[in-house]
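Report on the following structure.
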Amino acid sequence: TVPQLIPNTRSYNIILLALARGGLHEECLETLRLMQDDSTGVWPDRFTFNTVLFSYTCSDDDDAPELAEDILEEMIESSKIIVNEETNNIAEGIAPDAVSYNTVMTCWARRSPERAQFWLNRMREDGKITPDVYSYTIVMQAWAEAGKVDEALQLLAEMRAQPSAHVFPNKVTYTTLLKALCSTGRVNEAFKVVDYMWEVPSEESHPDAVTFSVLLSGWARIASSIPPEEAIHAVK
């Protein structure tokens, strides 16, 4: 006889990931609810929830960010210790992690940098989860693409002031800011950002060919206001 095979959490998660990559967030949510049904004997884990959140980043639906927020709020609430008054049993739900918050911020990044900033602030206020370099970079890029360069610069200052290496700006962070500064004609400030990059101990964050290409493109836009020798000196 062929043994009866019962799908487990990993089985469901594989299906969820395939659905999420296609932006099928409604189907992902249905699968999550099915797993939460006690009759299935399968329980969602953090990867399950984060995959559902990921499905919203792959969707172009206008309400995707709000729906992602609902799932994150559900995680936050379920992570609180719950005591069953009848059985006196203690249960703890699936708490969100940095990936959970970062995914919701990614959902908002294209639509509302203000809302992405809201979730970064809430993440910092939570006290249990520390924003990482990706958290800050997501929101910085949202501000930059919205033309709010000063807000992006403020986040860079906050990152540089953090003692944790997990928060310190990386090359992606700096390049995002450089593009924003150069696209708005603030090339002198962009050169200062490059100086910051040289100060980073890790060579992985030092300027490279892409960095200087961005600078030169920015200088080319306003060539009449910045001496060419400044650009040549920077490349050297």
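We name chains A, B, ... following the order of the structure tokens; residues begin at 1 in each chain, and ligands are numbered from 1 as shown.
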
With a cut-off of 12 Å, could you pull out the residues of region 173-221 of chain A touching region 142-151 of chain A and give me the nearest pair of atoms for each, distance in Å to one decimal, using only C-alpha atoms, ordered by chain and ascending number, as a Markdown table?
```
| residue | atom | partner | partner_atom | distance |
| --- | --- | --- | --- | --- |
| A:Thr173 | CA | A:Ala144 | CA | 10.9 |
| A:Tyr174 | CA | A:Ala144 | CA | 11.5 |
| A:Thr175 | CA | A:Ala144 | CA | 11.0 |
| A:Thr176 | CA | A:Ala144 | CA | 7.4 |
| A:Leu177 | CA | A:Ala144 | CA | 6.8 |
| A:Leu178 | CA | A:Ala144 | CA | 9.5 |
| A:Lys179 | CA | A:Ala144 | CA | 8.3 |
| A:Ala180 | CA | A:Ala144 | CA | 5.4 |
| A:Leu181 | CA | A:Val149 | CA | 6.8 |
| A:Cys182 | CA | A:Val149 | CA | 10.2 |
| A:Ser183 | CA | A:Gly147 | CA | 9.0 |
| A:Thr184 | CA | A:Gly147 | CA | 7.9 |
| A:Gly185 | CA | A:Val149 | CA | 11.0 |
| A:Arg186 | CA | A:Val149 | CA | 9.5 |
| A:Glu189 | CA | A:Val149 | CA | 10.9 |
| A:Ala190 | CA | A:Val149 | CA | 11.2 |
```

Report task. Identify all residues of region 115-166 of chain A in alpha helix (DSSP H) (DSSP on the backbone) and supply them as a count of residues only. Result -> 37

Requested in this report: Within 10 Å of region 18-23 of chain A, counting only C-alpha atoms, which residues show up once you throw out same-chain ones fewer than 5 positions away? Write them as a list in words, please.
Outcome: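 My reading of the contact set: Asn13, Cys28, Leu29, Thr31, Thr51, Val52, Leu53, Phe54, Ser55, Tyr56, Thr57, Cys58, Ser59, Asp60, Asp61 and Ala64 of chain A.
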
Query - Nearest to Asp208 (chain A), chosen from A:Ala98, A:Val187, A:Leu67, A:Val172, with only C-alpha atoms counted in the distances - result: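 Answer, going by the shortest atom-to-atom distance: A:Val172.
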
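What separates CA of Thr130 (chain A) from CA of Trp198 (chain A) is a distance of 25.9 Å.
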
Query raised in the report: Hey, what's within 12 Å of Glu77 (chain A) if we count only C-alpha atoms and toss same-chain stuff fewer than 6 positions away? As a list in words, please?
Result: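 That gives Asp70, Ile71, Glu92, Gly93, Ile94, Ala95 and Pro96 of chain A.
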
Would you kindly return, as a compact mmCIF listing (two decimals) with N, CA, C and O atoms, in the first residue's frame, each protein, DNA or RNA residue with an atom no farther than 9 Å from any atom of Val133 (chain A), considering only C-alpha atoms and excluding same-chain residues fewer than 4 positions away?
```txt
# COMPACT_ATOMS: atom_id res chain seq x y z
N THR A 137 17.66 52.07 3.74
CA THR A 137 17.89 52.27 2.30
C THR A 137 16.58 52.26 1.53
O THR A 137 16.40 53.03 0.57
N ILE A 138 15.64 51.40 1.93
CA ILE A 138 14.33 51.35 1.27
C ILE A 138 13.64 52.70 1.37
O ILE A 138 13.13 53.24 0.38
N MET A 159 21.86 57.11 9.93
CA MET A 159 22.57 55.85 9.76
C MET A 159 24.02 55.97 10.19
O MET A 159 24.57 55.10 10.86
N ALA A 165 27.02 48.06 13.12
CA ALA A 165 27.48 47.84 11.75
C ALA A 165 26.33 47.41 10.85
O ALA A 165 26.39 47.56 9.63
N HIS A 166 25.24 46.87 11.45
CA HIS A 166 24.10 46.42 10.66
C HIS A 166 23.32 47.59 10.06
O HIS A 166 22.48 47.40 9.19
N VAL A 167 23.57 48.78 10.55
CA VAL A 167 22.84 49.95 10.09
C VAL A 167 23.71 50.86 9.23
O VAL A 167 23.21 51.72 8.52
N PHE A 168 25.01 50.67 9.28
CA PHE A 168 25.90 51.59 8.58
C PHE A 168 25.67 51.53 7.08
O PHE A 168 25.48 50.44 6.52
N PRO A 169 25.66 52.68 6.41
CA PRO A 169 25.35 52.72 4.97
C PRO A 169 26.28 51.83 4.15
O PRO A 169 27.48 51.73 4.45
N ASN A 170 25.73 51.21 3.13
CA ASN A 170 26.55 50.42 2.21
C ASN A 170 26.60 51.12 0.86
O ASN A 170 26.10 52.23 0.70
N THR A 173 23.25 52.17 -0.58
CA THR A 173 22.72 53.35 0.11
C THR A 173 23.33 54.62 -0.46
O THR A 173 22.62 55.57 -0.81
```

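Residue nearest Arg115 (chain A) within the list A:Met197, A:Leu5, A:Leu16, A:Val139: A:Val139 [criterion: smallest interatomic distance, only C-alpha atoms].
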
Query raised in the report: If you count only C-alpha atoms, which residues fall within 12 Å of Pro7 (chain A), apart from same-chain ones fewer than 2 positions away, as a PyMOL selection string?
Result: chain A and resi 4-5+9-15+35+40-43

**Report entry** DSSP strand (DSSP E) selection over region 5-156 of chain A, as a list of chain:residue names
**Finding:**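 Of region 5-156 of chain A, only A:Ile82, A:Val83, A:Ile90, A:Ala91 fall in strand (DSSP E).
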
Using only all heavy atoms, please write the residues we just selected to a file, as an mmCIF file, in the first residue's frame.
```cif
data_model
loop_
_atom_site.group_PDB
_atom_site.id
_atom_site.type_symbol
_atom_site.label_atom_id
_atom_site.label_comp_id
_atom_site.auth_asym_id
_atom_site.auth_seq_id
_atom_site.Cartn_x
_atom_site.Cartn_y
_atom_site.Cartn_z
ATOM 1 N N ILE A 82 -0.716 35.313 24.756
ATOM 2 C CA ILE A 82 -2.142 35.128 24.939
ATOM 3 C C ILE A 82 -2.380 34.017 25.949
ATOM 4 O O ILE A 82 -1.803 32.930 25.845
ATOM 5 C CB ILE A 82 -2.818 34.777 23.602
ATOM 6 C CG1 ILE A 82 -2.540 35.881 22.566
ATOM 7 C CG2 ILE A 82 -4.312 34.555 23.785
ATOM 8 C CD1 ILE A 82 -2.985 35.513 21.177
ATOM 9 N N VAL A 83 -3.217 34.263 26.903
ATOM 10 C CA VAL A 83 -3.550 33.271 27.909
ATOM 11 C C VAL A 83 -4.989 32.836 27.710
ATOM 12 O O VAL A 83 -5.912 33.645 27.706
ATOM 13 C CB VAL A 83 -3.369 33.825 29.338
ATOM 14 C CG1 VAL A 83 -3.759 32.768 30.362
ATOM 15 C CG2 VAL A 83 -1.935 34.285 29.552
ATOM 16 N N ILE A 90 -0.706 29.076 27.731
ATOM 17 C CA ILE A 90 -0.090 30.286 27.193
ATOM 18 C C ILE A 90 0.360 30.012 25.757
ATOM 19 O O ILE A 90 1.019 29.013 25.483
ATOM 20 C CB ILE A 90 1.115 30.725 28.047
ATOM 21 C CG1 ILE A 90 0.659 31.078 29.462
ATOM 22 C CG2 ILE A 90 1.823 31.911 27.408
ATOM 23 C CD1 ILE A 90 1.794 31.437 30.386
ATOM 24 N N ALA A 91 -0.037 30.889 24.865
ATOM 25 C CA ALA A 91 0.348 30.738 23.463
ATOM 26 C C ALA A 91 0.953 32.033 22.962
ATOM 27 O O ALA A 91 0.527 33.118 23.351
ATOM 28 C CB ALA A 91 -0.867 30.374 22.619
#
```

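The neighbours of region 121-128 of chain A here are the residues that come within 9 Å of it, using only C-alpha atoms and leaving out any residue fewer than 5 positions away in the same chain; they are Asp97, Ala98, Tyr101 and Ala116 of chain A.
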
Report task. Would you please work out which residue, of A:Gln117, A:Gln162, A:Gln154, A:Ser100, is nearest to Ile129 (chain A) when using only C-alpha atoms? Result -> A:Ser100

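Closest approach to Ser79 (chain A) among A:Ala157, A:Tyr196, A:Gln141, A:Arg46 is made by A:Arg46 (distances from only C-alpha atoms).
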